[in-house]
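Trainee: Got a structure here, written out as structure tokens. Questions coming.
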Amino acid sequence: ITYQQYLVKDIHLIKSLWERLNEIHSRVSPDFGERYANTTFEKRSQKLLEKAEDEIRITCAKDEEQVIGYCVSTVNVEDATGDLESIYVDPSYRRMGIGEALMDDSKTWMFRNGCHRITLGVSVGNESVIEFYKKAGFHPRLIELEYKES
């Protein structure tokens, strides 16, 4: 397994894996599944590109030439915060330390770029990933609720 950083223009390399993650979110989210289902990679990429005016890092894990995992992180220079925007590892490559390596790379990059606070979001319904994040040093701080018309 090799790891490589890519430029924003190369974000298309993670499209198929991002779509698999988004499909999971659309399936497991009890209240907002349709929002995930209606979010395209192009829409999400555009939001990340808008954030890229600060700093963005795209790291991919590869087996030969196949991308089998990725992590996208951003740094907001103004308030010295980092956001782990998205991370995913193909299920057949899990429990091999790939997610941890991607996470460590991103945290190191964010701290090197002056971040004093790093956050990430976990979609409701996907709580099974919380233990993975706890092992990486992340802990629940707040629960954010969003109004949804019934």
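In the structure tokens, chains take the letters A, B, ... in the order shown, each chain's residues start at 1, and ligands count up from 1 in the order shown.
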Which residues, written as a PyMOL selection string, have at least one atom at most 10 Å from stretch 131-138 of chain A, with only C-alpha atoms counted and residues fewer than 6 positions away on the same chain left out?
Mentor: chain A and resi 99-100+103-104+107+118-120+122
Trainee: I'd like the neighbourhood of A:Lys9 as a list in words, where a residue qualifies if any of its atoms comes within 12 Å (using only C-alpha atoms), though same-chain residues fewer than 4 positions away should be ignored.
Mentor: Gln5, Leu13, Ile14, Ser45, Gln46, Leu48, Leu49, Ala52, Ile56, Arg57 and Ile58 of chain A
Trainee: Only all heavy atoms, please: the residues just picked out, written as a CSV table (one decimal), in the first residue's frame.
Mentor:
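Okay, part_25.csv is ready:
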chain,number,residue,atom,x,y,z
A,5,GLN,N,-0.2,12.3,-1.9
A,5,GLN,CA,-1.0,13.5,-1.8
A,5,GLN,C,-1.3,14.0,-3.2
A,5,GLN,O,-0.5,13.9,-4.1
A,5,GLN,CB,-0.3,14.6,-1.0
A,5,GLN,CG,-0.3,14.4,0.5
A,5,GLN,CD,0.6,13.3,0.9
A,5,GLN,OE1,1.7,13.1,0.4
A,5,GLN,NE2,0.1,12.4,1.7
A,13,LEU,N,-10.2,11.6,-8.4
A,13,LEU,CA,-9.6,10.3,-8.1
A,13,LEU,C,-10.4,9.6,-7.0
A,13,LEU,O,-10.3,8.3,-6.9
A,13,LEU,CB,-8.1,10.4,-7.8
A,13,LEU,CG,-7.2,10.8,-8.9
A,13,LEU,CD1,-5.8,11.1,-8.3
A,13,LEU,CD2,-7.2,9.8,-10.0
A,14,ILE,N,-11.1,10.3,-6.2
A,14,ILE,CA,-11.8,9.7,-5.0
A,14,ILE,C,-13.3,9.5,-5.3
A,14,ILE,O,-14.0,9.1,-4.5
A,14,ILE,CB,-11.6,10.5,-3.7
A,14,ILE,CG1,-12.3,11.8,-3.8
A,14,ILE,CG2,-10.1,10.6,-3.4
A,14,ILE,CD1,-12.3,12.5,-2.4
A,45,SER,N,-17.8,18.2,-4.3
A,45,SER,CA,-16.5,18.7,-4.7
A,45,SER,C,-16.5,20.2,-4.8
A,45,SER,O,-15.5,20.9,-4.4
A,45,SER,CB,-16.1,18.1,-6.1
A,45,SER,OG,-16.0,16.7,-6.0
A,46,GLN,N,-17.5,20.8,-5.3
A,46,GLN,CA,-17.6,22.3,-5.4
A,46,GLN,C,-17.5,22.9,-4.1
A,46,GLN,O,-16.8,23.9,-3.9
A,46,GLN,CB,-18.9,22.7,-6.1
A,46,GLN,CG,-19.0,24.2,-6.4
A,46,GLN,CD,-17.8,24.6,-7.3
A,46,GLN,OE1,-17.5,24.0,-8.3
A,46,GLN,NE2,-17.2,25.8,-6.9
A,48,LEU,N,-16.0,21.7,-1.5
A,48,LEU,CA,-14.6,21.6,-1.1
A,48,LEU,C,-13.7,22.5,-1.8
A,48,LEU,O,-12.7,23.1,-1.2
A,48,LEU,CB,-14.1,20.1,-1.2
A,48,LEU,CG,-14.7,19.1,-0.3
A,48,LEU,CD1,-14.4,17.7,-0.7
A,48,LEU,CD2,-14.2,19.4,1.2
A,49,LEU,N,-13.9,22.7,-3.1
A,49,LEU,CA,-13.1,23.7,-3.9
A,49,LEU,C,-13.3,25.1,-3.3
A,49,LEU,O,-12.3,25.9,-3.3
A,49,LEU,CB,-13.5,23.6,-5.3
A,49,LEU,CG,-13.2,22.3,-6.0
A,49,LEU,CD1,-13.7,22.3,-7.4
A,49,LEU,CD2,-11.7,22.0,-6.0
A,52,ALA,N,-11.1,25.4,-0.5
A,52,ALA,CA,-9.7,25.3,-0.8
A,52,ALA,C,-9.0,26.7,-0.9
A,52,ALA,O,-7.8,26.7,-1.1
A,52,ALA,CB,-9.6,24.6,-2.2
A,56,ILE,N,-6.3,22.7,1.5
A,56,ILE,CA,-6.9,21.4,1.4
A,56,ILE,C,-5.9,20.4,1.1
A,56,ILE,O,-4.9,20.6,0.5
A,56,ILE,CB,-8.0,21.4,0.3
A,56,ILE,CG1,-8.8,20.2,0.4
A,56,ILE,CG2,-7.4,21.7,-1.0
A,56,ILE,CD1,-10.1,20.2,-0.5
A,57,ARG,N,-6.1,19.2,1.7
A,57,ARG,CA,-5.2,18.1,1.5
A,57,ARG,C,-6.0,16.8,1.1
A,57,ARG,O,-6.9,16.5,1.8
A,57,ARG,CB,-4.3,17.8,2.7
A,57,ARG,CG,-3.3,16.7,2.6
A,57,ARG,CD,-2.5,16.6,3.9
A,57,ARG,NE,-1.4,15.6,3.8
A,57,ARG,CZ,-0.2,15.9,3.5
A,57,ARG,NH1,0.2,17.2,3.1
A,57,ARG,NH2,0.8,15.0,3.5
A,58,ILE,N,-5.6,16.2,0.0
A,58,ILE,CA,-6.2,15.0,-0.5
A,58,ILE,C,-5.2,13.9,-0.4
A,58,ILE,O,-4.2,14.0,-1.2
A,58,ILE,CB,-6.8,15.1,-1.9
A,58,ILE,CG1,-7.9,16.3,-1.9
A,58,ILE,CG2,-7.4,13.8,-2.3
A,58,ILE,CD1,-8.2,16.7,-3.3
Trainee: Near A:Glu65, counting only C-alpha atoms, which residues have an atom at most 12 Å away, once you skip same-chain residues fewer than 6 positions from it, shown as a compact mmCIF listing (two decimals) with C-alpha atoms, in the first residue's frame?
Mentor:
# COMPACT_ATOMS: atom_id res chain seq x y z
CA ILE A 1 0.00 0.00 0.00
CA THR A 2 1.34 3.43 -0.92
CA TYR A 3 0.12 6.88 0.10
CA GLN A 4 0.16 9.94 -2.09
CA LEU A 13 -9.62 10.26 -8.14
Trainee: Enumerate as a ChimeraX atom specification all residues of chain A assigned to alpha helix (DSSP H) by DSSP on the backbone, naming them with the chain letters and numbers the document uses.
Mentor: /A:15-28,33-37,41-51,98-112,130-135
Trainee: Using atom CA of A:Arg35 and atom CA of A:Thr74 as the two end points, give the distance in Å to one decimal.
Mentor: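 For atom CA of A:Arg35 relative to atom CA of A:Thr74, the distance reads 22.6 Å.
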Trainee: With distances taken over only C-alpha atoms, which residue among A:Ser86, A:Thr40, A:Ser150, A:Thr59 lies nearest A:Leu102?
Mentor: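 Looking at the shortest contact to A:Leu102, the residue is A:Thr59.
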Trainee: Under the rule that only C-alpha atoms are counted, which of A:Asn126, A:Ser16, A:Thr81, A:Ser106 is the nearest residue to A:Ser29?
Mentor: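 So, comparing all the options, the nearest one is A:Asn126.
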Trainee: Looking at only C-alpha atoms, which of A:Tyr36, A:Cys60, A:Ala101, A:Glu55 is the one that sits closest to A:Leu21?
Mentor: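 Between A:Tyr36, A:Cys60, A:Ala101, A:Glu55, the residue approaching A:Leu21 most closely is A:Tyr36.
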Trainee: Point out the residue among A:Gly121, A:Lys62, A:Asn113, A:Ile68 with the least atom-to-atom distance to A:Glu85, counting only C-alpha atoms.
Mentor: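 Among the listed residues, the smallest separation from A:Glu85 belongs to A:Gly121.
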Trainee: What separation in Å, quoted to one decimal, exists between atom CA of A:Gly114 and atom CA of A:Val77?
Mentor: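 Result for atom CA of A:Gly114 versus atom CA of A:Val77: 7.7 Å, one decimal.
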